[in-house]
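This is start_22.txt (compact mmCIF, C-alpha atoms (C1' of nucleotides)).
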```txt
# COMPACT_ATOMS: atom_id res chain seq x y z
CA MET A 1 0.00 0.00 0.00
CA LYS A 2 2.80 2.42 -0.74
CA GLU A 3 1.04 5.57 -1.94
CA ILE A 4 3.78 8.15 -1.93
CA ALA A 5 2.96 9.79 -5.24
CA PRO A 6 -0.70 9.97 -6.19
CA ASP A 7 -1.46 7.69 -9.08
CA MET A 8 -1.66 9.18 -12.53
CA LYS A 9 -5.44 9.16 -12.75
CA GLN A 10 -5.65 11.32 -9.66
CA LYS A 11 -2.78 13.50 -10.83
CA ILE A 12 -4.57 14.19 -14.09
CA LYS A 13 -7.68 15.15 -12.21
CA SER A 14 -5.80 17.55 -9.95
CA ILE A 15 -4.19 19.21 -12.93
CA ALA A 16 -7.52 19.44 -14.69
CA ILE A 17 -9.03 21.16 -11.65
CA GLN A 18 -6.21 23.65 -11.67
CA LEU A 19 -6.43 24.34 -15.41
CA PHE A 20 -10.21 24.29 -15.83
CA TYR A 21 -10.27 26.81 -13.00
CA GLN A 22 -7.55 29.00 -14.49
CA LYS A 23 -8.45 28.96 -18.16
CA GLY A 24 -11.94 27.54 -18.30
CA TYR A 25 -12.98 24.12 -19.56
CA HIS A 26 -13.16 24.93 -23.27
CA ALA A 27 -9.98 26.99 -23.27
CA CYS A 28 -8.04 24.14 -21.69
CA SER A 29 -6.99 21.34 -24.01
CA ILE A 30 -6.13 17.74 -23.33
CA SER A 31 -2.64 18.66 -24.51
CA ASN A 32 -2.34 21.31 -21.81
CA ILE A 33 -3.21 18.78 -19.16
CA ALA A 34 -0.89 16.13 -20.56
CA GLU A 35 1.96 18.58 -20.73
CA ARG A 36 1.65 19.42 -17.05
CA ALA A 37 1.33 15.77 -16.16
CA GLY A 38 4.50 15.01 -18.08
CA ILE A 39 2.84 12.50 -20.38
CA GLN A 40 1.56 12.43 -23.97
CA LYS A 41 -1.99 13.51 -24.62
CA SER A 42 -3.00 10.08 -25.87
CA SER A 43 -2.11 8.67 -22.46
CA ILE A 44 -4.91 10.69 -20.92
CA TYR A 45 -7.35 8.46 -22.77
CA TYR A 46 -6.07 5.40 -20.98
CA HIS A 47 -7.42 6.90 -17.73
CA TYR A 48 -10.45 8.79 -18.98
CA LEU A 49 -12.86 8.00 -21.77
CA ASN A 50 -12.91 11.58 -23.00
CA LYS A 51 -12.62 15.16 -21.88
CA GLU A 52 -16.18 15.39 -20.66
CA GLU A 53 -15.70 12.41 -18.35
CA LEU A 54 -12.87 14.31 -16.74
CA LEU A 55 -15.11 17.32 -16.16
CA TYR A 56 -17.98 15.17 -15.00
CA GLY A 57 -15.77 13.44 -12.44
CA ILE A 58 -14.82 16.78 -10.96
CA LEU A 59 -18.36 18.13 -10.80
CA LYS A 60 -19.89 14.92 -9.53
CA ASP A 61 -17.36 14.44 -6.74
CA THR A 62 -17.64 18.04 -5.70
CA MET A 63 -21.40 17.91 -5.48
CA ASP A 64 -21.27 14.58 -3.65
CA ASP A 65 -18.86 15.95 -1.10
CA LEU A 66 -20.88 19.13 -0.70
CA ASN A 67 -24.08 17.22 -0.07
CA GLN A 68 -22.34 14.88 2.31
CA SER A 69 -20.77 17.74 4.25
CA LEU A 70 -24.15 19.33 4.63
CA ASP A 71 -25.82 16.17 5.84
CA GLU A 72 -23.08 15.47 8.34
CA SER A 73 -23.19 18.97 9.73
CA LEU A 74 -26.92 18.66 10.39
CA VAL A 75 -26.80 15.41 12.33
CA ASN A 76 -28.31 15.98 15.77
CA VAL A 77 -28.82 19.68 15.17
CA LYS A 78 -32.31 20.61 16.31
CA GLY A 79 -34.31 23.73 15.63
CA THR A 80 -34.76 25.67 12.44
CA GLU A 81 -32.48 28.54 13.29
CA ALA A 82 -29.67 26.33 14.54
CA ARG A 83 -29.97 24.21 11.42
CA LEU A 84 -29.80 27.21 9.13
CA ILE A 85 -26.76 28.49 11.00
CA ALA A 86 -25.09 25.11 10.57
CA MET A 87 -25.91 25.11 6.87
CA ILE A 88 -24.43 28.55 6.35
CA ARG A 89 -21.29 27.56 8.21
CA THR A 90 -20.88 24.37 6.20
CA HIS A 91 -21.59 26.03 2.90
CA LEU A 92 -19.05 28.77 3.57
CA ASN A 93 -16.39 26.41 4.84
CA PHE A 94 -16.78 24.15 1.85
CA HIS A 95 -16.62 27.04 -0.62
CA MET A 96 -13.53 28.47 1.03
CA ASP A 97 -11.83 25.07 1.30
CA ARG A 98 -12.49 23.93 -2.25
CA GLN A 99 -12.49 27.17 -4.17
CA LYS A 100 -11.36 25.88 -7.54
CA GLU A 101 -13.74 22.95 -7.69
CA VAL A 102 -16.81 24.94 -6.71
CA ILE A 103 -15.93 27.68 -9.17
CA ILE A 104 -15.70 25.07 -11.91
CA SER A 105 -18.98 23.56 -10.72
CA ASP A 106 -20.64 26.94 -10.95
CA SER A 107 -19.32 27.90 -14.34
CA GLU A 108 -18.73 24.80 -16.46
CA LEU A 109 -22.06 23.00 -16.29
CA ARG A 110 -22.51 23.76 -19.97
CA GLY A 111 -19.62 21.46 -20.76
CA LEU A 112 -21.75 18.46 -19.83
CA THR A 113 -24.12 16.67 -22.20
CA SER A 114 -27.50 15.08 -21.50
CA ASP A 115 -27.05 12.32 -18.93
CA ASN A 116 -24.11 13.82 -17.12
CA LEU A 117 -25.80 17.18 -17.04
CA ARG A 118 -29.00 15.74 -15.66
CA SER A 119 -27.11 13.86 -12.99
CA VAL A 120 -25.23 16.93 -11.74
CA LEU A 121 -28.29 19.13 -11.91
CA ARG A 122 -30.18 16.65 -9.79
CA MET A 123 -27.46 16.81 -7.15
CA ARG A 124 -27.50 20.56 -7.19
CA ASP A 125 -31.25 20.67 -6.91
CA ASP A 126 -31.14 18.32 -3.94
CA TYR A 127 -28.76 20.65 -2.22
CA ASP A 128 -30.73 23.78 -3.02
CA ARG A 129 -33.92 22.16 -1.86
CA LYS A 130 -32.50 21.49 1.59
CA MET A 131 -31.75 25.14 1.94
CA ARG A 132 -35.16 26.21 0.67
CA ASP A 133 -36.89 23.80 3.00
CA ILE A 134 -35.23 25.27 6.05
CA ILE A 135 -36.23 28.76 4.97
CA ARG A 136 -39.76 27.57 4.36
CA GLU A 137 -39.94 26.01 7.80
CA GLY A 138 -38.58 29.14 9.40
CA ILE A 139 -41.23 31.22 7.67
CA ALA A 140 -43.95 28.79 8.68
CA GLU A 141 -42.79 28.99 12.28
CA GLY A 142 -42.80 32.77 12.15
CA LEU A 143 -39.05 32.95 12.69
CA PHE A 144 -38.08 34.41 9.35
CA ILE A 145 -39.57 37.20 7.28
CA ASN A 146 -42.48 36.11 5.22
CA ARG A 147 -41.14 36.53 1.69
CA ASP A 148 -40.79 34.18 -1.24
CA PRO A 149 -38.65 31.32 0.15
CA ARG A 150 -37.07 30.67 -3.20
CA VAL A 151 -35.78 34.19 -3.48
CA VAL A 152 -34.64 34.32 0.12
CA ALA A 153 -32.86 30.97 -0.10
CA ASN A 154 -31.25 31.95 -3.36
CA ALA A 155 -30.03 35.24 -1.97
CA ILE A 156 -28.42 33.51 0.99
CA ILE A 157 -26.86 30.65 -0.94
CA THR A 158 -25.41 32.73 -3.73
CA MET A 159 -24.06 35.34 -1.37
CA CYS A 160 -22.14 32.63 0.49
CA THR A 161 -21.14 30.83 -2.70
CA GLN A 162 -19.26 33.84 -3.96
CA SER A 163 -16.85 33.64 -1.05
CA SER A 164 -15.05 31.10 -3.25
CA LEU A 165 -14.20 33.90 -5.66
CA TRP A 166 -12.40 36.25 -3.30
CA TYR A 167 -11.45 34.33 -0.17
CA ASN A 168 -7.73 34.25 0.36
CA PRO A 169 -6.37 31.67 2.80
CA ARG A 170 -3.39 33.93 3.35
CA GLY A 171 -5.51 37.03 3.78
CA ASN A 172 -6.08 38.78 7.10
CA LEU A 173 -9.53 37.35 7.74
CA SER A 174 -9.98 33.86 9.09
CA LYS A 175 -12.74 31.60 7.86
CA GLU A 176 -14.37 31.92 11.26
CA GLU A 177 -14.42 35.70 11.01
CA ILE A 178 -15.97 35.50 7.58
CA ILE A 179 -18.59 33.02 8.74
CA ASP A 180 -19.38 35.39 11.57
CA ILE A 181 -19.87 38.37 9.24
CA TYR A 182 -22.09 36.44 6.84
CA THR A 183 -24.22 34.91 9.59
CA LYS A 184 -24.67 38.31 11.14
CA ILE A 185 -25.71 39.90 7.85
CA ILE A 186 -28.08 37.10 6.98
CA PHE A 187 -29.92 37.19 10.28
CA GLU A 188 -29.65 40.81 11.33
CA GLY A 189 -28.84 42.74 8.19
CA ILE A 190 -26.23 45.45 7.98
CA ARG A 191 -28.07 48.08 10.00
CA ASP A 192 -26.33 48.72 13.27
CA ARG A 193 -28.75 48.46 16.19
CA LYS A 194 -26.23 49.35 18.85
CA MET B 1 -31.59 58.41 -41.13
CA LYS B 2 -33.69 55.39 -41.89
CA GLU B 3 -32.84 52.87 -39.23
CA ILE B 4 -35.53 50.25 -39.54
CA ALA B 5 -33.32 47.17 -39.31
CA PRO B 6 -30.30 47.41 -37.07
CA ASP B 7 -27.13 47.53 -39.12
CA MET B 8 -25.11 44.38 -39.45
CA LYS B 9 -22.44 45.38 -36.96
CA GLN B 10 -25.07 45.71 -34.28
CA LYS B 11 -26.84 42.58 -35.40
CA ILE B 12 -23.63 40.59 -35.05
CA LYS B 13 -23.15 41.95 -31.57
CA SER B 14 -26.67 40.99 -30.52
CA ILE B 15 -26.21 37.49 -31.81
CA ALA B 16 -22.85 37.24 -30.07
CA ILE B 17 -24.47 38.26 -26.78
CA GLN B 18 -27.09 35.57 -27.23
CA LEU B 19 -24.59 32.85 -28.14
CA PHE B 20 -21.79 33.75 -25.73
CA TYR B 21 -24.46 33.65 -23.04
CA GLN B 22 -25.88 30.31 -24.19
CA LYS B 23 -22.76 28.36 -25.03
CA GLY B 24 -19.93 30.36 -23.54
CA TYR B 25 -17.33 32.42 -25.39
CA HIS B 26 -14.92 29.63 -26.25
CA ALA B 27 -17.63 27.18 -27.19
CA CYS B 28 -19.15 29.66 -29.64
CA SER B 29 -17.41 29.98 -32.99
CA ILE B 30 -17.37 32.79 -35.48
CA SER B 31 -19.16 30.38 -37.81
CA ASN B 32 -21.99 29.99 -35.32
CA ILE B 33 -22.47 33.72 -35.22
CA ALA B 34 -22.23 34.16 -38.99
CA GLU B 35 -24.76 31.41 -39.54
CA ARG B 36 -27.32 33.13 -37.34
CA ALA B 37 -26.62 36.46 -38.98
CA GLY B 38 -27.14 34.91 -42.40
CA ILE B 39 -23.70 35.84 -43.69
CA GLN B 40 -20.40 34.08 -44.25
CA LYS B 41 -17.94 33.90 -41.38
CA SER B 42 -15.37 35.94 -43.27
CA SER B 43 -17.84 38.82 -43.39
CA ILE B 44 -17.66 39.10 -39.61
CA TYR B 45 -14.10 40.32 -40.02
CA TYR B 46 -15.22 43.28 -42.05
CA HIS B 47 -17.03 44.56 -38.92
CA TYR B 48 -14.74 43.31 -36.18
CA LEU B 49 -11.00 42.91 -36.11
CA ASN B 50 -11.21 39.55 -34.40
CA LYS B 51 -13.27 37.51 -31.98
CA GLU B 52 -11.82 39.13 -28.90
CA GLU B 53 -12.81 42.59 -30.11
CA LEU B 54 -16.37 41.35 -30.29
CA LEU B 55 -16.21 40.15 -26.69
CA TYR B 56 -14.46 43.29 -25.55
CA GLY B 57 -17.15 45.46 -27.13
CA ILE B 58 -19.82 43.62 -25.17
CA LEU B 59 -18.01 43.78 -21.85
CA LYS B 60 -16.90 47.38 -22.23
CA ASP B 61 -20.34 48.66 -23.19
CA THR B 62 -21.98 46.71 -20.39
CA MET B 63 -19.62 48.09 -17.78
CA ASP B 64 -19.95 51.60 -19.18
CA ASP B 65 -23.71 51.41 -19.01
CA LEU B 66 -23.64 49.94 -15.53
CA ASN B 67 -21.39 52.68 -14.23
CA GLN B 68 -23.47 55.32 -15.92
CA SER B 69 -26.71 53.92 -14.52
CA LEU B 70 -25.25 54.00 -11.06
CA ASP B 71 -24.03 57.57 -11.34
CA GLU B 72 -27.34 58.77 -12.70
CA SER B 73 -29.29 57.07 -9.96
CA LEU B 74 -27.23 58.83 -7.31
CA VAL B 75 -27.67 62.37 -8.62
CA ASN B 76 -29.24 64.48 -5.87
CA VAL B 77 -29.60 61.55 -3.51
CA LYS B 78 -28.40 62.61 -0.08
CA GLY B 79 -27.57 60.51 2.95
CA THR B 80 -25.63 57.30 3.20
CA GLU B 81 -28.59 55.01 3.67
CA ALA B 82 -30.62 56.53 0.87
CA ARG B 83 -27.62 56.29 -1.42
CA LEU B 84 -27.05 52.65 -0.60
CA ILE B 85 -30.72 51.91 -1.21
CA ALA B 86 -30.49 53.63 -4.58
CA MET B 87 -27.40 51.65 -5.47
CA ILE B 88 -29.03 48.36 -4.59
CA ARG B 89 -32.07 49.27 -6.66
CA THR B 90 -30.00 50.27 -9.65
CA HIS B 91 -27.74 47.25 -9.45
CA LEU B 92 -30.70 44.88 -9.28
CA ASN B 93 -32.62 46.58 -12.06
CA PHE B 94 -29.60 46.54 -14.32
CA HIS B 95 -28.87 42.88 -13.64
CA MET B 96 -32.47 41.90 -14.28
CA ASP B 97 -32.75 44.06 -17.41
CA ARG B 98 -29.53 42.93 -19.02
CA GLN B 99 -29.15 39.38 -17.82
CA LYS B 100 -27.20 37.96 -20.72
CA GLU B 101 -24.65 40.74 -20.89
CA VAL B 102 -23.90 40.78 -17.18
CA ILE B 103 -23.61 37.01 -17.09
CA ILE B 104 -21.09 37.21 -19.91
CA SER B 105 -19.29 40.01 -18.09
CA ASP B 106 -19.05 37.89 -14.98
CA SER B 107 -17.89 34.71 -16.67
CA GLU B 108 -15.87 35.54 -19.76
CA LEU B 109 -13.27 37.96 -18.51
CA ARG B 110 -10.65 35.31 -19.16
CA GLY B 111 -11.32 35.65 -22.87
CA LEU B 112 -9.63 39.06 -22.86
CA THR B 113 -5.91 39.66 -23.24
CA SER B 114 -3.70 42.24 -21.57
CA ASP B 115 -4.92 45.72 -22.55
CA ASN B 116 -8.56 44.83 -22.97
CA LEU B 117 -8.53 42.91 -19.72
CA ARG B 118 -6.94 45.77 -17.83
CA SER B 119 -9.46 48.19 -19.23
CA VAL B 120 -12.48 46.16 -18.19
CA LEU B 121 -11.01 45.35 -14.79
CA ARG B 122 -10.49 49.04 -14.16
CA MET B 123 -14.15 49.72 -14.92
CA ARG B 124 -15.24 46.93 -12.63
CA ASP B 125 -12.98 48.15 -9.86
CA ASP B 126 -14.42 51.66 -10.19
CA TYR B 127 -17.87 50.26 -9.75
CA ASP B 128 -16.96 48.07 -6.79
CA ARG B 129 -15.19 50.94 -5.11
CA LYS B 130 -18.31 53.10 -5.16
CA MET B 131 -20.16 50.37 -3.32
CA ARG B 132 -17.37 49.87 -0.80
CA ASP B 133 -17.12 53.59 -0.15
CA ILE B 134 -20.78 53.84 0.78
CA ILE B 135 -20.43 50.93 3.17
CA ARG B 136 -17.33 52.50 4.64
CA GLU B 137 -19.13 55.80 5.18
CA GLY B 138 -22.06 54.04 6.76
CA ILE B 139 -19.77 52.28 9.16
CA ALA B 140 -17.95 55.50 9.99
CA GLU B 141 -21.28 57.18 10.70
CA GLY B 142 -22.32 54.33 12.95
CA LEU B 143 -25.21 53.38 10.69
CA PHE B 144 -23.94 50.00 9.57
CA ILE B 145 -22.39 47.14 11.50
CA ASN B 146 -18.69 47.57 12.04
CA ARG B 147 -17.28 44.73 10.01
CA ASP B 148 -14.76 44.57 7.19
CA PRO B 149 -16.27 46.88 4.52
CA ARG B 150 -14.79 44.84 1.72
CA VAL B 151 -16.51 41.69 2.86
CA VAL B 152 -19.79 43.43 3.56
CA ALA B 153 -19.80 45.21 0.20
CA ASN B 154 -18.88 42.04 -1.58
CA ALA B 155 -21.63 40.08 0.11
CA ILE B 156 -24.22 42.65 -0.91
CA ILE B 157 -23.04 43.12 -4.48
CA THR B 158 -22.67 39.47 -5.29
CA MET B 159 -25.99 38.56 -3.75
CA CYS B 160 -27.71 41.10 -5.99
CA THR B 161 -25.62 40.20 -9.02
CA GLN B 162 -26.90 36.64 -9.00
CA SER B 163 -30.42 37.83 -9.66
CA SER B 164 -29.32 37.83 -13.30
CA LEU B 165 -29.06 34.05 -13.13
CA TRP B 166 -32.58 33.23 -12.02
CA TYR B 167 -34.78 36.26 -12.62
CA ASN B 168 -37.56 35.50 -15.05
CA PRO B 169 -39.36 38.49 -16.60
CA ARG B 170 -42.39 36.25 -17.08
CA GLY B 171 -42.22 34.87 -13.55
CA ASN B 172 -44.66 35.75 -10.81
CA LEU B 173 -42.42 38.22 -9.04
CA SER B 174 -42.02 41.76 -10.32
CA LYS B 175 -38.67 43.50 -10.26
CA GLU B 176 -40.06 45.82 -7.60
CA GLU B 177 -40.98 42.91 -5.37
CA ILE B 178 -37.53 41.44 -5.78
CA ILE B 179 -35.88 44.75 -5.00
CA ASP B 180 -38.03 44.95 -1.90
CA ILE B 181 -36.98 41.51 -0.67
CA TYR B 182 -33.30 42.15 -1.24
CA THR B 183 -33.35 45.57 0.38
CA LYS B 184 -35.15 44.14 3.36
CA ILE B 185 -32.67 41.29 3.76
CA ILE B 186 -29.67 43.55 3.36
CA PHE B 187 -30.78 46.05 5.98
CA GLU B 188 -32.77 43.93 8.40
CA GLY B 189 -31.73 40.35 7.78
CA ILE B 190 -34.11 37.46 7.54
CA ARG B 191 -35.09 37.31 11.21
CA ASP B 192 -38.70 38.29 11.67
CA ARG B 193 -39.08 41.00 14.30
CA LYS B 194 -42.85 41.14 14.07
C1' DG C 1 -20.17 44.92 -47.58
C1' DT C 2 -20.39 40.26 -48.69
C1' DC C 3 -18.72 36.49 -51.21
C1' DT C 4 -15.54 32.13 -52.33
C1' DA C 5 -11.48 30.02 -51.41
C1' DT C 6 -7.91 28.96 -48.61
C1' DA C 7 -3.99 29.14 -45.15
C1' DT C 8 -2.66 27.44 -40.86
C1' DG C 9 -3.14 25.77 -36.48
C1' DT C 10 -5.09 23.03 -32.95
C1' DG C 11 -8.76 20.58 -31.04
C1' DG C 12 -10.43 15.69 -29.42
C1' DA C 13 -9.80 11.15 -30.21
C1' DT C 14 -7.97 6.42 -32.02
C1' DA C 15 -4.59 2.57 -33.61
C1' DG C 16 -1.15 -0.09 -32.58
C1' DA C 17 3.87 -0.68 -30.98
C1' DC C 18 6.54 -1.24 -26.78
C1' DG D 1 0.49 2.39 -18.78
C1' DT D 2 2.79 5.18 -21.95
C1' DC D 3 4.54 5.92 -26.40
C1' DT D 4 4.51 7.48 -31.67
C1' DA D 5 1.87 8.41 -35.42
C1' DT D 6 -2.13 9.79 -37.44
C1' DC D 7 -7.16 10.98 -38.56
C1' DC D 8 -10.48 14.24 -39.10
C1' DA D 9 -13.17 18.10 -37.84
C1' DC D 10 -13.29 22.67 -36.95
C1' DA D 11 -11.15 26.83 -35.09
C1' DT D 12 -9.51 31.81 -36.26
C1' DA D 13 -8.16 34.51 -39.69
C1' DT D 14 -6.70 36.36 -44.47
C1' DA D 15 -6.69 37.26 -49.72
C1' DG D 16 -8.85 38.82 -53.31
C1' DA D 17 -13.05 38.74 -56.52
C1' DC D 18 -17.58 40.88 -57.11
```

Rewrite the structure from the file as structure tokens, please.
Amino acid sequence: MKEIAPDMKQKIKSIAIQLFYQKGYHACSISNIAERAGIQKSSIYYHYLNKEELLYGILKDTMDDLNQSLDESLVNVKGTEARLIAMIRTHLNFHMDRQKEVIISDSELRGLTSDNLRSVLRMRDDYDRKMRDIIREGIAEGLFINRDPRVVANAIITMCTQSSLWYNPRGNLSKEEIIDIYTKIIFEGIRDRK
Amino acid sequence: MKEIAPDMKQKIKSIAIQLFYQKGYHACSISNIAERAGIQKSSIYYHYLNKEELLYGILKDTMDDLNQSLDESLVNVKGTEARLIAMIRTHLNFHMDRQKEVIISDSELRGLTSDNLRSVLRMRDDYDRKMRDIIREGIAEGLFINRDPRVVANAIITMCTQSSLWYNPRGNLSKEEIIDIYTKIIFEGIRDRK
DNA sequence: GTCTATATGTGGATAGAC
DNA sequence: GTCTATCCACATATAGAC
């Protein structure tokens, strides 16, 4: 079980994440990936059926992990507000931890064809629905403002999602500080109440 | 001055907006555009120097219009809070009115090279700075919560920006209703205070 | 201002040797 | 599992006729 260097299949995937993120899926060629991996482009096809399978693998795994993170973070958490807080925390942490993959997930869906696209969209919808359901419950319980749950959920999710675009692990704000700011804004707004 | 049909240069641009939005810049070829315009691909080059110039024209004009809309909406508006409310309204209206163009602007920056890229980034920075400055003022005046202005401004802008991704002009929510929800969330948060 | 024809490069992908 | 060699389609872009 000596696993010093990651095997080539994983190495190719890592490089693809880096390059799809940097240049975009369509602007990044199989040659580009092969070059970085130190192999010939034809060798890529030993590990992956085609370019789309490479993209699909990235998106699928990312969505799987995201959904799993969410589920785990909600185990034994009771109460609508506490659950929403946990969701926000998890969503932000995930998007700051896996910036490149979530950026690819959010921008390269168009690179997938029929079945693969459907599969990833279903995963994304599952995730979004969990968020909407919490908002809906909160509204029903009179905890949250009574506005269209879809719009409210969307506003919250997308606001947090964008952290992937600017968060800098070497910046002067910790993830905890950022989570604090977002949670505060989401629940209380930006108006200072002293 | 008979301008019944838009001239071909404008027609090409409109088609490019539609296709860059649908398929992405790199996945959309000059042939695709020419086909829709009912001309040969070589004819595109009579109107535009190259493909990048076409993209640049879209991004530049969009950013120009966005900046201009913002400036106009702030004329004679006094007070930090009123100015921020006006900015939010303008940003949302613009992103719901010009969905395709702003989506392209947010996703295809990588298609630009050096000078064009710098130029568009400068416009975007100008815009972002205006938002940050308002937040900064509000914090200084004790109106807004005292958190990192960059993060707060970013959270607000990006939340509103995403409206371009889901807003449906034929949906059951008017732009005014959406503006109301967002403004409410930004200032008061989602917690219901009865 | 649009056409036909073409140059030139590069893309994704496959065949078959080692 | 990686290589060399190659196929074929399509990309951007140009030249020059009408």

With only C-alpha atoms (C1' of nucleotides) considered, list every residue of chain D at most 10 Å from chain A, as a list in words.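 Every residue of chain D that passes the 10 Å test is in DG1, DT2, DC3 and DT4 of chain D.
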
Select all residues from chain A having any atom no more than 7 Å from an atom of chain B (counting only C-alpha atoms, ignoring ligands), output as a PyMOL selection string. chain A and resi 23+26-27+110+142-145+147+155+158-159+162+181+185-192

Selected residue, from A:Ala140, A:Leu49, A:Leu59, A:Ile134, that lies nearest to chain C when counting all atoms listed in the file: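 Between A:Ala140, A:Leu49, A:Leu59, A:Ile134, the residue approaching chain C most closely is A:Leu49.
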
Kindly determine which residues of chain C lie within 12 Å of chain B, considering only C-alpha atoms (C1' of nucleotides), and give the answer as a JSON list (two decimals) with C-alpha atoms (C1' of nucleotides), in the coordinates of the input.
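This went into part-v6.json:
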```
[["chain", "number", "residue", "atom", "x", "y", "z"],
["C", 1, "DG", "C1'", -20.17, 44.92, -47.58],
["C", 2, "DT", "C1'", -20.39, 40.26, -48.69],
["C", 3, "DC", "C1'", -18.72, 36.49, -51.21],
["C", 4, "DT", "C1'", -15.54, 32.13, -52.33],
["C", 5, "DA", "C1'", -11.48, 30.02, -51.41],
["C", 6, "DT", "C1'", -7.91, 28.96, -48.61],
["C", 11, "DG", "C1'", -8.76, 20.58, -31.04]]
```

Spatial neighbours of DT8 of chain C, 12 Å, all atoms listed in the file, chain gap at least 5 places, as a compact mmCIF listing (two decimals) with C-alpha atoms (C1' of nucleotides), keeping the file's coordinate frame:
```txt
# COMPACT_ATOMS: atom_id res chain seq x y z
C1' DA D 11 -11.15 26.83 -35.09
C1' DT D 12 -9.51 31.81 -36.26
C1' DA D 13 -8.16 34.51 -39.69
C1' DT D 14 -6.70 36.36 -44.47
```

Point-to-point distance from atom CA of Tyr127 of chain B to atom CA of Arg89 of chain A, Å rounded to tenths: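 Between atom CA of Tyr127 of chain B and atom CA of Arg89 of chain A the gap is 29.1 Å.
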
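Separating atom CA of Ser119 of chain A from atom CA of Asn50 of chain A is a distance of 17.5 Å.
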
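You will find atom CA of Leu54 of chain B at 10.9 Å from atom CA of Ile33 of chain B.
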
Mind listing as a PyMOL selection string all residues within 12 Å of (-29.9, 36.8, -27.6), counting only C-alpha atoms (C1' of nucleotides)? chain B and resi 11-23+33+36-37+98-101+104

Step by step: start from the point (-22.0, 43.9, -13.8) in the file's coordinates, keep every protein, DNA or RNA residue that has an atom no farther than 8 Å from it, count only C-alpha atoms (C1' of nucleotides), and write the set as a list in words. Thr62, Met63, Leu66, His91, His95, Val102, Ile103, Ser105, Asp106, Arg124 and Thr161 of chain B
